[in-house]
Amino acid sequence: MNNTSERFLYGMVLLALAIQAVLVVVVAEPVGRGLAAVALLVLGVAAWSLRGKLLLSRPAVRALHGHQERLQTTIREKDAELVVANEQLKEEILEQRWTNQALEHQLHYADLIINSFADPICVISKAMRVTRVNASLLRVTGYSGPEVVGQPLERILRAAFERGESEGDPLAAALKTERELAERPAYLVSKGGQISPVNLSLSLLRESGKVVAGVLALRFPPKPMPAPKLPDTNLPYRGSRGTIA
Amino acid sequence: MKKHILIVDDEETIRKLLSDALTRQCYRVSEANSGAGAKEIIAADPPDLILTDLQMEDTDGLALVEEVRRVLPNVPVLLLTGVFFDEDVVRSNLGGKVNAYLPKPTPLKQILREIRRLLGENT
């Protein structure tokens, strides 16, 4: 039933009620009886039509209720699925954060170890680039980390061969042939261009048996000790028991 | 009744992450950032399990475990640390002092499994 016919029905009901009211209050018999009968008839027709309309709409209402229940069930199911997925996601995020912090902790601990060395330490790739340095190396060269990490090693270290003190670059050869070096002469170049002689030792950094990098430990050669002041040999030795002539 | 777990670690991030994970598993969690703090909690509210780091500012985990053993001899202790890398070395050096050892990169799921095992819960 469309809106126009509904409006018509409601109009009829209202009209019938109005006629009844007028009849009761104003109009006298016998005209009133006739009009009242007409009004009752109109009312009856309207009531019948409304009943029919209600009967017709009942299955639709039931279907609507069923649909609504199904919709609510679906919403509840989806809601439960979302809760489970959300919990899973939270757990994954927590696990990820845990893994990240564990890695950060390991890196931090590795930094603490490498920075605890008083001697300059430098990690180089097989292509002779600086990949990691310790605080001591930064202090003696005057560079900051970003200024040397990723740069060619020659920025901070020159092998002694450049001054003709040894044949060929021992470092490059050692990395290539996977040999370790101990106490080889080299020169450390500071940011200000100052050159200091150092002794370098190379340890090979292996991963799954393959050399992936080298660790350079630099050591400043010990300063020559001042010659002890020897006693004047011309003087006679004075021991506790007297003088030896 | 919820089981009570004491986390002892001087790093707040680690304590927070472990606490979140354990609370989600319906454990009651207390946190201490030092050996002294841990001892206070142990005295006031004895835990069912202690999860401790090895290195702390005022003590180390093993010294703490020795003290705990005097007061709570049967409480399981799980040592969680990033200091040791060689498990065999750890086992031979820590054998008998702690109930279990896990290195810090261990996944949370595995830590939770170990905790359930130490608490005698179904895994």
# chains A, B, ... in the order shown; residues from 1 in each chain; ligands from 1
>>> interface_residues(of="chain A", to="chain B", cutoff="9 Å", atoms="only C-alpha atoms", output="PyMOL selection string")
chain A and resi 91+94-103+105-106+109
>>> write_last_selection(atoms="C-alpha atoms", output="PDB file, in the first residue's frame")
ATOM      1  CA  GLU A  91      50.941  -9.481  20.421  1.00  0.00           C
ATOM      2  CA  LEU A  94      54.786  -6.404  21.353  1.00  0.00           C
ATOM      3  CA  GLU A  95      56.975  -9.177  19.937  1.00  0.00           C
ATOM      4  CA  GLN A  96      58.386  -6.792  17.336  1.00  0.00           C
ATOM      5  CA  ARG A  97      59.133  -4.146  19.956  1.00  0.00           C
ATOM      6  CA  TRP A  98      60.799  -6.804  22.097  1.00  0.00           C
ATOM      7  CA  THR A  99      62.974  -7.961  19.203  1.00  0.00           C
ATOM      8  CA  ASN A 100      63.939  -4.375  18.369  1.00  0.00           C
ATOM      9  CA  GLN A 101      64.887  -3.536  21.917  1.00  0.00           C
ATOM     10  CA  ALA A 102      66.875  -6.781  22.200  1.00  0.00           C
ATOM     11  CA  LEU A 103      68.817  -5.841  19.079  1.00  0.00           C
ATOM     12  CA  HIS A 105      70.550  -3.749  23.624  1.00  0.00           C
ATOM     13  CA  GLN A 106      73.022  -5.991  21.804  1.00  0.00           C
ATOM     14  CA  TYR A 109      76.518  -3.639  24.523  1.00  0.00           C
TER      15      TYR A 109
END
>>> residues_around(residues="A:Leu50", least_positions_apart="3", cutoff="12 Å", atoms="only C-alpha atoms", output="list in words")
Met1, Ser5, Glu6, Arg7, Phe8, Leu9, Tyr10, Met12, Val13, Leu43, Gly44, Val45, Ala46, Ala47, Lys53, Leu54, Leu55, Leu56 and Ser57 of chain A
>>> select_by_dssp(residues="stretch 57-141 of chain A", states="alpha helix (DSSP H)", output="PyMOL selection string")
chain A and resi 57-115+135-141
>>> residues_around(residues="B:Asp10", least_positions_apart="3", cutoff="10 Å", atoms="only C-alpha atoms", output="number ranges by chain")
B: 7, 13-15, 31-35, 52-58
>>> select_by_dssp(residues="stretch 81-154 of chain A", states="strand (DSSP E)", output="compact mmCIF listing (two decimals) with all heavy atoms, in the first residue's frame")
# COMPACT_ATOMS: atom_id res chain seq x y z
N ILE A 121 90.32 1.66 17.63
CA ILE A 121 89.85 0.45 16.94
C ILE A 121 89.02 0.87 15.74
O ILE A 121 88.26 1.83 15.82
CB ILE A 121 88.95 -0.42 17.86
CG1 ILE A 121 89.62 -0.75 19.19
CG2 ILE A 121 88.45 -1.67 17.14
CD1 ILE A 121 90.52 -1.93 19.17
N CYS A 122 89.17 0.14 14.68
CA CYS A 122 88.45 0.50 13.46
C CYS A 122 88.08 -0.79 12.72
O CYS A 122 88.91 -1.68 12.56
CB CYS A 122 89.41 1.36 12.64
SG CYS A 122 88.88 1.72 11.00
N VAL A 123 86.83 -0.89 12.31
CA VAL A 123 86.40 -2.05 11.54
C VAL A 123 86.32 -1.63 10.07
O VAL A 123 85.77 -0.56 9.77
CB VAL A 123 85.02 -2.58 12.02
CG1 VAL A 123 84.61 -3.84 11.25
CG2 VAL A 123 85.04 -2.88 13.51
N ILE A 124 86.89 -2.45 9.20
CA ILE A 124 86.88 -2.09 7.78
C ILE A 124 86.25 -3.22 6.96
O ILE A 124 86.33 -4.39 7.32
CB ILE A 124 88.31 -1.79 7.24
CG1 ILE A 124 89.25 -2.95 7.56
CG2 ILE A 124 88.83 -0.49 7.78
CD1 ILE A 124 90.58 -2.86 6.83
N SER A 125 85.64 -2.80 5.86
CA SER A 125 85.06 -3.80 4.96
C SER A 125 86.17 -4.36 4.09
O SER A 125 87.30 -3.85 4.09
CB SER A 125 83.99 -3.15 4.09
OG SER A 125 84.60 -2.21 3.22
N VAL A 130 85.71 2.21 6.02
CA VAL A 130 85.50 2.19 7.47
C VAL A 130 84.03 1.88 7.74
O VAL A 130 83.15 2.53 7.17
CB VAL A 130 85.87 3.55 8.09
CG1 VAL A 130 85.59 3.56 9.58
CG2 VAL A 130 87.32 3.90 7.80
N THR A 131 83.76 0.87 8.57
CA THR A 131 82.35 0.57 8.88
C THR A 131 82.01 0.84 10.34
O THR A 131 80.87 1.03 10.68
CB THR A 131 82.01 -0.91 8.56
OG1 THR A 131 82.88 -1.74 9.31
CG2 THR A 131 82.15 -1.21 7.09
N ARG A 132 83.03 0.88 11.16
CA ARG A 132 82.77 1.16 12.57
C ARG A 132 84.06 1.62 13.23
O ARG A 132 85.14 1.13 12.89
CB ARG A 132 82.28 -0.12 13.25
CG ARG A 132 81.61 0.13 14.56
CD ARG A 132 80.75 -1.04 14.91
NE ARG A 132 80.06 -0.80 16.15
CZ ARG A 132 79.14 -1.59 16.64
NH1 ARG A 132 78.79 -2.67 16.00
NH2 ARG A 132 78.55 -1.30 17.77
N VAL A 133 83.95 2.58 14.15
CA VAL A 133 85.14 3.05 14.87
C VAL A 133 84.80 3.16 16.35
O VAL A 133 83.63 3.24 16.71
CB VAL A 133 85.59 4.45 14.35
CG1 VAL A 133 86.16 4.37 12.96
CG2 VAL A 133 84.45 5.44 14.40
>>> residues_around(residues="A:Arg206", least_positions_apart="5", cutoff="12 Å", atoms="only C-alpha atoms", output="list in words")
Ser125, Lys126, Leu175, Glu178, Arg179, Glu180, Val211, Val212, Ala213, Gly214 and Val215 of chain A
